[in-house]
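Peer 1: Questions regarding the structure given below will be posed in turn.
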Amino acid sequence: MNYQQRATVCIVDDDPNQINMIKDFIESKYPNTAISTFANGESALSGIHKEPDVLILDYHLDSEHAAAMNGIQVLQKYKQRYPLSVVVFMSANERPEIAANTIKYGAYDYVTKNEMAFSRMEIILNNTLYQSKLKKNLGQQKLFNILFLFALVLLLVSLLSK
């Protein structure tokens with residue numbers, strides 16, 4: 001499924017090769033997507049000013065700075081700002097307790113970096129971007145309904161005042 005509407009995705013990974021692979025994958029499957037990349041959680045938290053449709057987050061973000069926040073710490077701070085946002089972890093860490101903790105703290109899903117990672121990521125992105133499109137359409141429909149109701153009330157008031 002090709003997603004035709006403009007979407008936004010942020011990628012947070014301390015490995016530039018991983019960022020490039022994920023970015024290339026997304027650009028090939030979803031050409032209308034605006035992609036922002038960050039090498040650590042701190043720069044992501046200070047650089048994301050508008051909620052993206054999807055945030056792809058690595059668990060270990062300490063290759064350059066040993067004291068850097070890990071993915072769960074970033075997730076917790078990010079979710080304080082955007083509680084309903086979609087965060088997908090994509091990490092080489094295969095420990096089940098790490099995956100469970102990411103979900104516990106609000107991640108949408110956890111993808112292990114292996115031979116199936118991009119297949120899983122495509123399914124997740126299809127689902128989340130489609131849900132995002134539905135939410136945006138619902139918001140537009142609510143606005144239309146309010147305007148329609150307002151026009152109807154004005155019409156009734158003008159008819160009753162005659």
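Letters A, B, ... go to the chains of the structure tokens in the order shown; residues in each chain start at 1; ligands are counted from 1 in the same order.
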From the DSSP assignment of the backbone, select every residue of segment 34-142 of chain A that is alpha helix (DSSP H), and format the answer as a ChimeraX atom specification.
Peer 2: /A:41-47,71-81,96-104,117-142
Peer 1: Between atom CA of Ile146 of chain A and atom CA of Lys162 of chain A, what distance in Å does the model show, to one decimal?
Peer 2: 24.8 Å
Peer 1: Would you please work out which residue, of A:Ser132, A:Ser91, A:Thr33, A:Ser43, is nearest to Asp58 of chain A when using only C-alpha atoms?
Peer 2: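 Of A:Ser132, A:Ser91, A:Thr33, A:Ser43, the one nearest Asp58 of chain A is A:Ser91, counting only C-alpha atoms.
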Peer 1: Set the distance at 12 Å and use only C-alpha atoms: which residues neighbour Ser46 of chain A once local chain neighbours fewer than 4 positions away are removed? I'd like the list as a VMD selection string.
Peer 2: chain A and resid 38 40 to 42 50 74 77 to 78 81
Peer 1: For Thr112 of chain A, work out the shell of residues within 10 Å, counting only C-alpha atoms and skipping chain neighbours fewer than 5 positions away, then give it as a PyMOL selection string.
Peer 2: chain A and resi 58+89-95+99+117-118+120-121
Peer 1: Provide the atom CA of Leu147 of chain A to atom CA of Glu51 of chain A distance in Å, to one decimal place.
Peer 2: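 One can read the atom CA of Leu147 of chain A to atom CA of Glu51 of chain A distance as 26.6 Å.
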Peer 1: Would you work out the distance separating atom CA of Ser85 of chain A from atom CA of Ala7 of chain A, expressed in Å to one decimal?
Peer 2: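 For atom CA of Ser85 of chain A relative to atom CA of Ala7 of chain A, the distance reads 13.5 Å.
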Peer 1: If you run DSSP on this backbone, which residues of chain A come out as strand (DSSP E), and could you give them as a count of residues only?
Peer 2: 25
Peer 1: Taking only C-alpha atoms into account, name the residue in A:Leu149, A:Ile56, A:Val157, A:Ile22 that is nearest to Asp109 of chain A.
Peer 2: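 The shortest atom-to-atom distance to Asp109 of chain A comes from A:Ile56.
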